[in-house]
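What follows is the content of coords37.cif, which has mmCIF, C-alpha atoms and all ligand atoms:
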```cif
data_my_file
loop_
_atom_site.label_atom_id
_atom_site.label_comp_id
_atom_site.auth_asym_id
_atom_site.auth_seq_id
_atom_site.Cartn_x
_atom_site.Cartn_y
_atom_site.Cartn_z
CA MET A 1332 -23.77 -15.39 17.34
CA LYS A 1333 -21.70 -16.64 20.27
CA LEU A 1334 -18.49 -14.65 20.60
CA THR A 1335 -15.40 -16.37 22.02
CA GLU A 1336 -12.34 -14.53 23.44
CA VAL A 1337 -13.80 -11.32 22.09
CA PRO A 1338 -11.33 -8.45 21.83
CA ARG A 1339 -12.51 -5.34 23.65
CA ARG A 1340 -10.61 -2.79 21.56
CA ILE A 1341 -10.52 -3.20 17.82
CA LEU A 1342 -8.48 -0.91 15.64
CA VAL A 1343 -9.14 -0.68 11.92
CA ILE A 1344 -6.33 0.90 9.90
CA GLY A 1345 -7.59 2.20 6.55
CA ASN A 1346 -10.85 4.04 5.97
CA GLY A 1347 -11.73 2.63 2.56
CA ILE A 1348 -14.46 0.15 1.68
CA ALA A 1349 -12.61 -2.74 3.36
CA GLY A 1350 -12.18 -0.79 6.60
CA GLN A 1351 -15.78 0.43 6.55
CA THR A 1352 -17.15 -3.03 5.79
CA ALA A 1353 -15.07 -4.52 8.59
CA CYS A 1354 -16.61 -1.99 11.01
CA ASP A 1355 -20.13 -2.75 9.75
CA SER A 1356 -19.54 -6.49 10.04
CA LEU A 1357 -18.04 -6.30 13.53
CA ARG A 1358 -21.02 -4.38 14.85
CA ALA A 1359 -23.50 -6.56 12.97
CA ALA A 1360 -21.90 -9.61 14.59
CA GLY A 1361 -22.50 -8.14 18.04
CA PHE A 1362 -19.14 -6.56 18.83
CA ASP A 1363 -19.93 -3.81 21.35
CA GLY A 1364 -16.41 -2.88 22.48
CA ASP A 1365 -14.28 0.10 21.41
CA LEU A 1366 -14.00 0.41 17.67
CA THR A 1367 -11.63 2.95 16.13
CA VAL A 1368 -10.92 3.49 12.46
CA VAL A 1369 -7.79 5.35 11.34
CA GLY A 1370 -7.51 6.78 7.84
CA ASP A 1371 -4.88 9.00 6.27
CA GLU A 1372 -7.37 10.69 3.93
CA PRO A 1373 -8.98 13.59 5.81
CA ARG A 1374 -12.52 12.69 4.77
CA ALA A 1375 -15.28 10.13 5.00
CA ALA A 1376 -14.92 6.97 2.92
CA TYR A 1377 -16.10 7.28 -0.67
CA SER A 1378 -16.59 5.15 -3.76
CA ARG A 1379 -13.36 4.81 -5.71
CA PRO A 1380 -15.06 3.12 -8.70
CA ALA A 1381 -17.29 6.21 -9.01
CA LEU A 1382 -14.25 8.45 -9.50
CA SER A 1383 -13.63 7.24 -13.04
CA LYS A 1384 -17.22 6.34 -13.90
CA THR A 1385 -19.19 9.34 -12.70
CA LEU A 1386 -17.10 12.08 -11.08
CA LEU A 1387 -14.66 12.33 -13.98
CA VAL A 1388 -17.38 11.98 -16.59
CA ASP A 1389 -20.07 14.36 -15.37
CA GLY A 1390 -19.20 15.40 -11.83
CA GLY A 1391 -21.56 12.71 -10.50
CA SER A 1392 -21.63 11.49 -6.93
CA HIS A 1393 -18.84 9.48 -5.34
CA GLU A 1394 -20.51 9.34 -1.94
CA LEU A 1395 -21.25 6.14 -0.07
CA ALA A 1396 -24.31 5.60 2.10
CA PRO A 1397 -23.57 6.85 5.63
CA PRO A 1398 -22.06 4.11 7.84
CA THR A 1399 -24.46 2.08 9.95
CA HIS A 1400 -21.86 1.28 12.60
CA GLU A 1401 -20.65 3.32 15.54
CA ALA A 1402 -16.90 3.88 15.52
CA ALA A 1403 -14.47 6.55 16.58
CA GLU A 1404 -12.78 8.04 13.53
CA VAL A 1405 -9.19 9.29 13.44
CA LEU A 1406 -8.89 10.85 9.99
CA GLY A 1407 -6.05 12.65 8.25
CA VAL A 1408 -3.57 10.60 10.26
CA ALA A 1409 -1.43 7.74 8.92
CA ALA A 1410 -0.24 4.61 10.65
CA VAL A 1411 3.54 4.51 10.41
CA GLY A 1412 4.43 1.47 12.46
CA LEU A 1413 3.08 -1.62 14.19
CA ASP A 1414 4.47 -3.27 17.31
CA VAL A 1415 2.93 -6.71 17.39
CA GLU A 1416 4.41 -7.60 20.80
CA SER A 1417 2.93 -4.65 22.66
CA ARG A 1418 -0.14 -4.52 20.37
CA ARG A 1419 0.22 -0.86 19.45
CA VAL A 1420 -0.02 1.05 16.19
CA CYS A 1421 2.16 4.19 15.85
CA LEU A 1422 0.65 7.17 14.05
CA ASP A 1423 2.38 9.97 12.16
CA ASP A 1424 1.18 12.58 14.67
CA GLY A 1425 3.50 10.97 17.24
CA SER A 1426 0.75 9.17 19.15
CA ASP A 1427 0.05 5.46 19.28
CA LEU A 1428 -3.08 3.41 19.73
CA PRO A 1429 -3.40 0.10 21.60
CA TYR A 1430 -5.55 -2.77 20.35
CA ASP A 1431 -6.70 -6.27 21.20
CA GLY A 1432 -7.82 -6.87 17.63
CA LEU A 1433 -6.40 -5.23 14.51
CA VAL A 1434 -7.84 -4.97 10.99
CA ILE A 1435 -5.29 -4.02 8.33
CA ALA A 1436 -7.15 -2.36 5.46
CA THR A 1437 -4.72 0.19 4.04
CA GLY A 1438 -5.48 -0.61 0.40
CA SER A 1439 -3.06 0.36 -2.32
CA ARG A 1440 -1.78 3.38 -4.19
CA ALA A 1441 -1.21 4.11 -7.85
CA ARG A 1442 1.96 2.71 -9.39
CA ARG A 1443 3.86 5.50 -11.18
CA LEU A 1444 5.97 5.23 -14.30
CA GLY A 1445 8.96 6.87 -12.69
CA GLY A 1446 8.27 5.54 -9.21
CA ASP A 1447 6.79 7.51 -6.28
CA GLY A 1448 7.07 11.24 -6.97
CA SER A 1449 7.18 11.09 -10.78
CA VAL A 1450 5.33 13.81 -12.64
CA GLU A 1451 2.42 12.14 -14.41
CA LEU A 1452 -1.15 12.29 -13.11
CA THR A 1453 -2.72 9.16 -11.68
CA LEU A 1454 -6.23 8.34 -10.51
CA ARG A 1455 -6.53 6.66 -7.14
CA THR A 1456 -7.97 9.23 -4.73
CA LEU A 1457 -10.72 11.80 -4.73
CA ASP A 1458 -8.05 14.52 -4.85
CA ASP A 1459 -6.53 12.86 -7.94
CA ALA A 1460 -9.95 12.82 -9.60
CA LEU A 1461 -10.64 16.48 -8.86
CA VAL A 1462 -7.26 17.52 -10.29
CA LEU A 1463 -7.74 15.40 -13.40
CA ARG A 1464 -11.29 16.65 -13.92
CA GLU A 1465 -10.10 20.24 -13.76
CA ARG A 1466 -7.30 19.55 -16.25
CA LEU A 1467 -9.67 17.79 -18.68
CA ALA A 1468 -12.07 20.74 -18.62
CA ALA A 1469 -9.53 22.77 -20.63
CA ARG A 1470 -9.69 20.09 -23.38
CA PRO A 1471 -5.98 19.34 -23.52
CA SER A 1472 -4.47 16.56 -25.59
CA VAL A 1473 -4.22 13.59 -23.26
CA VAL A 1474 -1.91 10.58 -23.22
CA VAL A 1475 -3.06 7.68 -21.08
CA VAL A 1476 -0.55 4.93 -20.32
CA GLY A 1477 -2.02 1.55 -19.50
CA ALA A 1478 -4.85 -0.27 -21.21
CA GLY A 1479 -6.45 -1.99 -18.26
CA PRO A 1480 -9.99 -1.12 -17.17
CA LEU A 1481 -8.85 2.02 -15.33
CA GLY A 1482 -6.77 3.37 -18.23
CA MET A 1483 -9.66 2.71 -20.59
CA GLU A 1484 -12.16 4.43 -18.28
CA ILE A 1485 -9.88 7.47 -17.99
CA ALA A 1486 -9.46 7.56 -21.78
CA SER A 1487 -13.22 7.31 -22.21
CA ALA A 1488 -13.85 10.15 -19.76
CA ALA A 1489 -11.24 12.34 -21.46
CA LEU A 1490 -12.84 11.73 -24.86
CA SER A 1491 -16.26 12.64 -23.42
CA ALA A 1492 -14.73 15.86 -22.12
CA GLY A 1493 -13.77 16.74 -25.69
CA CYS A 1494 -10.06 15.94 -25.46
CA ARG A 1495 -7.87 14.34 -28.11
CA VAL A 1496 -6.80 11.10 -26.46
CA THR A 1497 -3.96 8.67 -27.15
CA LEU A 1498 -3.80 5.41 -25.25
CA VAL A 1499 -0.41 3.71 -24.98
CA ALA A 1500 -1.17 0.01 -24.80
CA ASP A 1501 1.32 -2.71 -24.07
CA GLY A 1502 -0.90 -5.38 -25.66
CA ARG A 1503 -4.57 -5.52 -26.59
CA PRO A 1504 -6.69 -3.37 -24.27
CA MET A 1505 -8.02 -5.27 -21.26
CA LEU A 1506 -7.06 -8.62 -22.82
CA SER A 1507 -5.69 -10.06 -19.61
CA HIS A 1508 -8.68 -8.75 -17.63
CA LEU A 1509 -11.58 -9.69 -19.90
CA GLY A 1510 -10.32 -12.12 -22.56
CA PRO A 1511 -10.15 -11.70 -26.35
CA CYS A 1512 -13.84 -11.46 -27.27
CA LEU A 1513 -14.64 -8.64 -24.84
CA SER A 1514 -11.27 -6.95 -25.39
CA ASP A 1515 -12.08 -6.73 -29.09
CA ALA A 1516 -15.59 -5.40 -28.46
CA PHE A 1517 -14.37 -2.65 -26.13
CA THR A 1518 -11.42 -1.75 -28.35
CA ALA A 1519 -13.76 -1.39 -31.34
CA ALA A 1520 -16.08 0.85 -29.32
CA ALA A 1521 -13.14 2.98 -28.17
CA VAL A 1522 -11.72 3.42 -31.67
CA ALA A 1523 -15.18 4.22 -33.04
CA ARG A 1524 -15.42 7.05 -30.50
CA GLY A 1525 -12.09 8.50 -31.60
CA LEU A 1526 -9.47 6.92 -29.33
CA THR A 1527 -6.00 6.64 -30.87
CA ILE A 1528 -4.21 3.54 -29.67
CA VAL A 1529 -0.41 3.39 -29.83
CA ALA A 1530 0.98 -0.10 -29.32
CA GLY A 1531 4.08 -0.06 -27.16
CA ALA A 1532 5.48 -0.26 -23.67
CA ALA A 1533 6.20 2.97 -21.83
CA ALA A 1534 9.78 3.23 -20.60
CA GLY A 1535 9.52 6.55 -18.81
CA ILE A 1536 8.78 10.25 -18.93
CA ASP A 1537 11.44 12.65 -20.20
CA THR A 1538 9.59 15.97 -19.92
CA ALA A 1539 6.29 17.02 -18.39
CA ARG A 1540 4.73 16.39 -21.85
CA GLY A 1541 6.78 13.53 -23.21
CA LEU A 1542 6.52 9.82 -22.83
CA VAL A 1543 9.33 7.57 -24.06
CA LEU A 1544 8.51 4.08 -25.26
CA ARG A 1545 10.86 1.12 -25.03
CA ASP A 1546 11.48 1.22 -28.80
CA GLY A 1547 12.81 4.78 -28.36
CA SER A 1548 9.81 6.55 -29.90
CA ARG A 1549 8.01 9.36 -28.07
CA VAL A 1550 4.37 10.23 -27.51
CA GLU A 1551 3.46 13.75 -26.40
CA GLY A 1552 0.42 15.26 -24.80
CA ASP A 1553 -0.57 18.26 -22.68
CA VAL A 1554 -1.61 15.88 -19.91
CA LEU A 1555 0.04 12.52 -19.13
CA VAL A 1556 -1.93 10.06 -17.04
CA SER A 1557 -0.67 6.65 -16.05
CA ALA A 1558 -2.86 3.73 -15.07
CA ILE A 1559 -0.30 0.98 -14.76
CA GLY A 1560 -1.45 -0.84 -11.68
CA ASP A 1561 -1.32 -0.40 -7.94
CA ILE A 1562 1.10 -1.01 -5.07
CA PRO A 1563 -0.20 -2.26 -1.71
CA ASN A 1564 0.24 0.16 1.19
CA THR A 1565 2.37 -2.03 3.43
CA GLY A 1566 5.23 0.38 4.17
CA TRP A 1567 4.01 0.92 7.73
CA LEU A 1568 4.27 -2.84 8.34
CA ALA A 1569 7.89 -3.11 7.18
CA THR A 1570 9.32 -3.93 10.60
CA SER A 1571 6.26 -5.68 12.01
CA GLY A 1572 7.41 -9.18 11.08
CA LEU A 1573 4.07 -9.75 9.33
CA MET A 1574 5.32 -9.55 5.75
CA THR A 1575 6.12 -12.74 3.82
CA GLY A 1576 8.35 -12.27 0.80
CA GLY A 1577 7.29 -8.63 0.57
CA ARG A 1578 3.60 -9.51 0.71
CA LEU A 1579 0.94 -9.41 3.38
CA GLU A 1580 -0.44 -12.92 3.11
CA ALA A 1581 -3.70 -13.77 4.81
CA ASP A 1582 -5.21 -17.21 5.33
CA SER A 1583 -8.63 -18.17 4.00
CA ARG A 1584 -10.26 -16.23 6.86
CA GLY A 1585 -8.16 -13.10 6.40
CA ARG A 1586 -5.94 -13.88 9.40
CA ILE A 1587 -2.36 -12.64 9.49
CA GLY A 1588 -1.39 -13.46 13.06
CA PRO A 1589 -2.90 -13.63 16.55
CA GLY A 1590 -5.54 -10.90 16.82
CA ILE A 1591 -4.66 -9.49 13.39
CA VAL A 1592 -6.60 -9.76 10.14
CA ALA A 1593 -6.29 -8.02 6.78
CA ALA A 1594 -8.72 -7.31 3.96
CA GLY A 1595 -8.94 -5.55 0.62
CA ASP A 1596 -6.32 -4.38 -1.85
CA VAL A 1597 -3.52 -4.57 0.73
CA ALA A 1598 -3.79 -8.32 1.27
CA ALA A 1599 -2.92 -11.43 -0.72
CA VAL A 1600 -5.50 -14.14 -0.13
CA PRO A 1601 -5.86 -17.77 -1.20
CA THR A 1602 -7.67 -18.07 -4.55
CA ARG A 1603 -8.18 -20.95 -6.93
CA THR A 1604 -5.09 -19.71 -8.79
CA GLY A 1605 -2.85 -19.30 -5.75
CA VAL A 1606 -2.31 -16.70 -3.04
CA ARG A 1607 -2.65 -13.28 -4.66
CA ARG A 1608 -4.23 -9.88 -4.30
CA ILE A 1609 -7.65 -9.33 -5.90
CA PRO A 1610 -7.75 -5.50 -6.05
CA LEU A 1611 -11.46 -5.19 -6.72
CA TRP A 1612 -14.30 -3.49 -4.87
CA SER A 1613 -16.49 -6.56 -4.28
CA SER A 1614 -13.46 -8.58 -3.24
CA ALA A 1615 -12.54 -5.96 -0.62
CA ILE A 1616 -16.09 -6.14 0.76
CA GLU A 1617 -16.22 -9.94 0.93
CA GLN A 1618 -12.74 -10.19 2.43
CA ALA A 1619 -13.61 -7.62 5.09
CA LYS A 1620 -16.77 -9.50 6.11
CA VAL A 1621 -14.85 -12.74 6.56
CA ALA A 1622 -11.89 -11.08 8.32
CA ALA A 1623 -14.14 -9.27 10.80
CA LEU A 1624 -15.87 -12.49 11.79
CA ALA A 1625 -12.53 -14.30 12.04
CA LEU A 1626 -11.32 -11.67 14.50
CA LEU A 1627 -14.33 -12.43 16.69
CA THR A 1628 -14.87 -16.15 16.25
CA GLY A 1629 -11.62 -17.61 14.85
CA ASP A 1630 -12.06 -20.96 13.15
CA GLU A 1631 -15.83 -20.74 13.52
CA ALA A 1632 -15.85 -17.94 10.93
CA PRO A 1633 -16.62 -18.99 7.35
CA GLU A 1634 -13.76 -19.15 4.91
CA LEU A 1635 -13.48 -16.69 2.04
CA ASP A 1636 -15.57 -18.12 -0.77
CA PHE A 1637 -17.24 -15.72 -3.10
CA ASP A 1638 -18.09 -15.26 -6.75
CA PRO A 1639 -16.13 -12.30 -8.06
CA TYR A 1640 -18.15 -9.41 -9.43
CA PHE A 1641 -16.67 -6.82 -11.76
CA TRP A 1642 -18.09 -3.94 -13.76
CA THR A 1643 -16.87 -1.20 -16.00
CA GLU A 1644 -18.41 1.66 -17.96
CA GLN A 1645 -16.60 3.15 -20.94
CA PHE A 1646 -17.07 4.21 -24.57
CA GLY A 1647 -20.84 3.75 -24.37
CA LEU A 1648 -20.56 0.18 -23.08
CA ASN A 1649 -21.58 -0.99 -19.64
CA LEU A 1650 -20.25 -4.39 -18.58
CA LYS A 1651 -21.21 -6.46 -15.54
CA ALA A 1652 -19.47 -9.78 -14.92
CA THR A 1653 -19.90 -12.49 -12.31
CA GLY A 1654 -17.41 -15.34 -12.04
CA HIS A 1655 -13.73 -15.47 -12.85
CA LEU A 1656 -12.48 -13.36 -15.73
CA PRO A 1657 -10.77 -13.45 -18.23
CA ALA A 1658 -13.10 -15.39 -20.48
CA ALA A 1659 -11.35 -17.44 -23.16
CA GLY A 1660 -12.83 -18.49 -26.48
CA GLU A 1661 -16.25 -17.75 -27.88
CA PRO A 1662 -19.23 -17.08 -25.60
CA LYS A 1663 -22.56 -18.76 -25.52
CA PHE A 1664 -25.19 -16.03 -25.91
CA LEU A 1665 -27.95 -16.34 -23.33
CA LEU A 1666 -29.63 -13.07 -24.29
CA GLY A 1667 -28.92 -11.03 -27.42
CA ASP A 1668 -26.35 -12.04 -30.01
CA SER A 1669 -23.50 -9.51 -30.00
CA PRO A 1670 -20.71 -8.70 -27.51
CA HIS A 1671 -21.49 -5.04 -28.25
CA GLY A 1672 -24.82 -5.60 -26.49
CA PRO A 1673 -27.44 -5.56 -25.35
CA SER A 1674 -26.53 -9.13 -24.50
CA VAL A 1675 -25.75 -11.65 -21.79
CA MET A 1676 -22.99 -14.16 -22.48
CA ARG A 1677 -21.57 -17.15 -20.68
CA TRP A 1678 -18.21 -18.85 -20.86
CA THR A 1679 -17.34 -22.13 -19.17
CA HIS A 1680 -13.80 -22.52 -17.87
CA ASP A 1681 -11.94 -25.84 -18.19
CA ASP A 1682 -12.58 -26.53 -14.48
CA GLY A 1683 -16.34 -26.22 -15.02
CA HIS A 1684 -16.73 -22.79 -13.40
CA GLY A 1685 -18.69 -20.28 -15.40
CA VAL A 1686 -18.48 -16.56 -15.98
CA ALA A 1687 -21.55 -14.60 -17.08
CA VAL A 1688 -21.20 -11.17 -18.64
CA ALA A 1689 -23.88 -8.61 -19.44
CA VAL A 1690 -23.12 -5.80 -21.87
CA ASN A 1691 -25.56 -2.87 -21.98
CA HIS A 1692 -28.17 -5.10 -20.39
CA ARG A 1693 -30.06 -4.24 -17.19
CA ILE A 1694 -30.16 -7.82 -15.94
CA PRO A 1695 -30.21 -8.00 -12.11
CA ILE A 1696 -26.92 -9.19 -10.59
CA PRO A 1697 -28.46 -12.18 -8.73
CA ARG A 1698 -29.82 -13.48 -12.05
CA LEU A 1699 -26.43 -12.94 -13.68
CA ARG A 1700 -24.84 -14.92 -10.83
CA ARG A 1701 -27.26 -17.79 -11.40
CA MET A 1702 -26.37 -17.76 -15.07
CA ALA A 1703 -22.65 -17.94 -14.24
CA SER A 1704 -23.05 -20.86 -11.90
CA ALA A 1705 -25.75 -22.82 -13.70
CA GLY A 1706 -25.66 -21.82 -17.35
CA ALA A 1707 -28.75 -20.61 -19.14
C1 LIG B 1801 -10.60 5.07 -10.18
C2 LIG B 1801 -10.84 3.67 -9.72
C3 LIG B 1801 -11.86 2.93 -10.29
C4 LIG B 1801 -12.10 1.63 -9.87
N1 LIG B 1801 -13.11 0.93 -10.44
C5 LIG B 1801 -13.37 -0.32 -10.02
C6 LIG B 1801 -14.43 -1.07 -10.59
O1 LIG B 1801 -15.10 -0.63 -11.50
N2 LIG B 1801 -14.70 -2.30 -10.10
C7 LIG B 1801 -13.95 -2.83 -9.10
O2 LIG B 1801 -14.23 -3.95 -8.68
N3 LIG B 1801 -12.93 -2.15 -8.53
C8 LIG B 1801 -12.62 -0.93 -8.97
N4 LIG B 1801 -11.58 -0.22 -8.41
C9 LIG B 1801 -10.80 -0.85 -7.33
C10 LIG B 1801 -11.50 -0.64 -5.99
O3 LIG B 1801 -11.81 0.71 -5.82
C11 LIG B 1801 -10.58 -1.14 -4.88
O4 LIG B 1801 -10.42 -2.53 -5.05
C12 LIG B 1801 -11.14 -0.85 -3.49
O5 LIG B 1801 -11.31 0.54 -3.30
C13 LIG B 1801 -10.22 -1.42 -2.42
O6 LIG B 1801 -10.69 -1.04 -1.17
P1 LIG B 1801 -9.73 -1.02 0.10
O7 LIG B 1801 -10.56 -0.55 1.22
O8 LIG B 1801 -9.02 -2.31 0.21
O9 LIG B 1801 -8.58 0.03 -0.24
P2 LIG B 1801 -8.66 1.61 -0.48
O10 LIG B 1801 -9.93 1.97 -1.18
O11 LIG B 1801 -7.37 1.96 -1.12
O12 LIG B 1801 -8.73 2.23 0.99
C14 LIG B 1801 -7.62 2.17 1.85
C15 LIG B 1801 -7.58 3.44 2.66
O13 LIG B 1801 -6.52 3.35 3.60
C16 LIG B 1801 -5.78 4.56 3.58
N5 LIG B 1801 -4.41 4.31 4.03
C17 LIG B 1801 -3.35 3.85 3.32
N6 LIG B 1801 -2.27 3.76 4.09
C18 LIG B 1801 -2.64 4.17 5.31
C19 LIG B 1801 -1.94 4.31 6.54
N7 LIG B 1801 -0.65 3.97 6.66
N8 LIG B 1801 -2.62 4.76 7.61
C20 LIG B 1801 -3.94 5.11 7.50
N9 LIG B 1801 -4.63 5.00 6.37
C21 LIG B 1801 -4.00 4.53 5.28
C22 LIG B 1801 -5.84 4.98 2.13
O14 LIG B 1801 -5.52 6.34 1.95
C23 LIG B 1801 -7.30 4.68 1.83
O15 LIG B 1801 -8.13 5.73 2.23
C24 LIG B 1801 -11.31 1.07 -8.84
C25 LIG B 1801 -10.25 1.80 -8.27
C26 LIG B 1801 -10.02 3.09 -8.71
C27 LIG B 1801 -8.89 3.88 -8.10
#
```

Taking this structure as input, can you express it in the form of structure tokens?
Amino acid sequence: MKLTEVPRRILVIGNGIAGQTACDSLRAAGFDGDLTVVGDEPRAAYSRPALSKTLLVDGGSHELAPPTHEAAEVLGVAAVGLDVESRRVCLDDGSDLPYDGLVIATGSRARRLGGDGSVELTLRTLDDALVLRERLAARPSVVVVGAGPLGMEIASAALSAGCRVTLVADGRPMLSHLGPCLSDAFTAAAVARGLTIVAGAAAGIDTARGLVLRDGSRVEGDVLVSAIGDIPNTGWLATSGLMTGGRLEADSRGRIGPGIVAAGDVAAVPTRTGVRRIPLWSSAIEQAKVAALALLTGDEAPELDFDPYFWTEQFGLNLKATGHLPAAGEPKFLLGDSPHGPSVMRWTHDDGHGVAVAVNHRIPIPRLRRMASAGA
């Protein structure tokens, strides 16, 4: 690939999958200048999805394959400021690093019921997972707040650990993520395995054991875990001039400004339903590939255009989905005949796009993708 106006020093802030993929992509595209990745977690990048699916469940691996790129790593140090004019990033150890090209990949953190510093457990980092795993080992009663995929996976893991588990759900579990048919199938599987679901919206925590709902009722447990969404890590960019209406908005190539791109959970990107964050693993990877190329080749880089891929494992069900969820209405069954699986289903959106979903079926992802885009 021909490189034009190639930066000689590229700084990647954030050592998650977006940061790592950006490094891989830069080197794969021929970038042979200085590459430095800064991460505030004092460890190598790891798989966040594995925290709730394997580490919490059976202590399974959360490790990623070793990186294929060469980069200097500055770990256990956070970026605290960015001076766009002088092209420098300030770090919390008092030093600063210059760049010609900057990749912003600082991801997001768990939203907390009572704001930053409130007492409930959350699951975002490896440290969070280790703490939660240790607490679950004592088989406490557990209250999980939030019925999205993460809350459901945590509830599932806690049940497997032998805990009594109550899920506080502000609506049908995973309805907005998966659609009614799959929400019902997963809810049925959860209840069959012993999950107690309390319908209601959490208003706050009044003691270390007590959750208060908006209707004034309380739910108690030995361990409170919230899974109520994430907040992008943009605090260090507050005075950079890069934020738009409180968001870090990238163009279709991940570009934020001259010599600056962003990728992953931190960034809002153009989608078919507007500019928004897509806080998913495969999205972070695809965004980082595009953003890295855009840093090197500008308009010659391809625009972000990918089929979303999502998966979850909980309550004995394993779901893989390609295409845009949620899926409305009844599915067409391509394999099997029940949303409880083993099956492969397809929905067609009003705009003609398809989403294909496999439940407890070992269908290869490329085949699932073909089913989403072309039907049976
Ligand atoms: C438990 C769990 C399960 C999940 N399961 C799924 C799933 O099944 N499927 C799916 O698609 N997605 C899943 N996700 C979401 C997925 O993990 C994220 O979308 C993905 O990790 C985003 O990658 P990222 O690199 O953008 O951000 P992150 O993974 O958050 O990495 C960003 C890194 O930057 C660091 N950082 C933050 N601020 C600074 C700073 N100022 N200076 C330096 N470093 C900083 C962070 O500490 C972090 O290490 C899951 C997430 C969690 C937490």

Compile the contact shell of Val1475 (chain A) as a VMD selection string: residues with an atom at most 6 Å away, counting only C-alpha atoms, same-chain residues fewer than 3 positions apart removed.
-> chain A and resid 1498 1556 to 1557

Which polymer residues have any atom within 7 Å of an atom of region 1370-1386 of chain A, counting all atoms listed in the file, with same-chain residues fewer than 4 positions away left out, as a ChimeraX atom specification?
-> /A:1344-1348,1390-1395,1405-1409,1457,1460,1484-1485,1644

Expected axis-aligned box over every listed atom of region 1536-1540 of chain A, 3 Å added per side, centre plus edges in Å to one decimal, as lines of an AutoDock Vina configuration file:
```
center_x = 8.1
center_y = 13.6
center_z = -20.1
size_x = 12.7
size_y = 12.8
size_z = 9.5
```

Trp1642 (chain A) surroundings by all atoms listed in the file, 7 Å radius, close-in-sequence under 6 positions cut, as a ChimeraX atom specification = /A:1650-1652

Nearest-residue call for Pro1471 (chain A), choices A:Gly1541, A:Gly1552, A:Gly1525, A:Gly1448, using all atoms listed in the file | A:Gly1552

Separation of atom C23 of ligand LIG 1801 (chain B) from CA of Leu1627 (chain A), in Å and rounded to one decimal = 23.7 Å

What lies within 8 Å of region 1580-1591 of chain A using only C-alpha atoms, ignoring chain neighbours under 2 positions off, as a PyMOL selection string?
-> chain A and resi 1431-1435+1573-1575+1578+1593-1594+1598-1601+1606+1618-1619+1621-1622+1625-1626+1632-1635

Prev. selection, C-alpha atoms, output as a CSV table (one decimal), keeping the file's coordinate frame:
```csv
chain,number,residue,atom,x,y,z
A,1431,ASP,CA,-6.7,-6.3,21.2
A,1432,GLY,CA,-7.8,-6.9,17.6
A,1433,LEU,CA,-6.4,-5.2,14.5
A,1434,VAL,CA,-7.8,-5.0,11.0
A,1435,ILE,CA,-5.3,-4.0,8.3
A,1573,LEU,CA,4.1,-9.8,9.3
A,1574,MET,CA,5.3,-9.6,5.8
A,1575,THR,CA,6.1,-12.7,3.8
A,1578,ARG,CA,3.6,-9.5,0.7
A,1593,ALA,CA,-6.3,-8.0,6.8
A,1594,ALA,CA,-8.7,-7.3,4.0
A,1598,ALA,CA,-3.8,-8.3,1.3
A,1599,ALA,CA,-2.9,-11.4,-0.7
A,1600,VAL,CA,-5.5,-14.1,-0.1
A,1601,PRO,CA,-5.9,-17.8,-1.2
A,1606,VAL,CA,-2.3,-16.7,-3.0
A,1618,GLN,CA,-12.7,-10.2,2.4
A,1619,ALA,CA,-13.6,-7.6,5.1
A,1621,VAL,CA,-14.8,-12.7,6.6
A,1622,ALA,CA,-11.9,-11.1,8.3
A,1625,ALA,CA,-12.5,-14.3,12.0
A,1626,LEU,CA,-11.3,-11.7,14.5
A,1632,ALA,CA,-15.8,-17.9,10.9
A,1633,PRO,CA,-16.6,-19.0,7.4
A,1634,GLU,CA,-13.8,-19.2,4.9
A,1635,LEU,CA,-13.5,-16.7,2.0
```

Of A:Gly1572, A:Thr1628, A:Arg1339, A:Phe1641, the one sitting nearest Trp1612 (chain A) when using only C-alpha atoms is A:Phe1641

So how far away is CA of Ala1569 (chain A) from atom C11 of ligand LIG 1801 (chain B), in Å?
->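 A separation of 22.1 Å between them.
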
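Using all atoms listed in the file, the residues found no farther than 9 Å from Gly1510 (chain A), other than those of its own chain fewer than 3 positions away, are Met1505, Leu1506, Ser1507, Leu1513, Ser1514, Asp1515, Leu1656, Pro1657, Ala1658, Ala1659 and Gly1660 of chain A.
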
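Here CA of His1655 (chain A) is placed at a distance of 8.2 Å from CA of Tyr1640 (chain A).
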
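The nearest approach to ligand LIG 1801 (chain B) among the residues A:Glu1401, A:Asp1355, A:Asp1561, A:Asp1668, with only C-alpha atoms and all ligand atoms taken into account, belongs to A:Asp1561.
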
Using only C-alpha atoms, find the one residue out of A:Ala1488, A:Val1686, A:Val1411, A:Cys1354 that sits nearest to Ser1704 (chain A).
-> A:Val1686
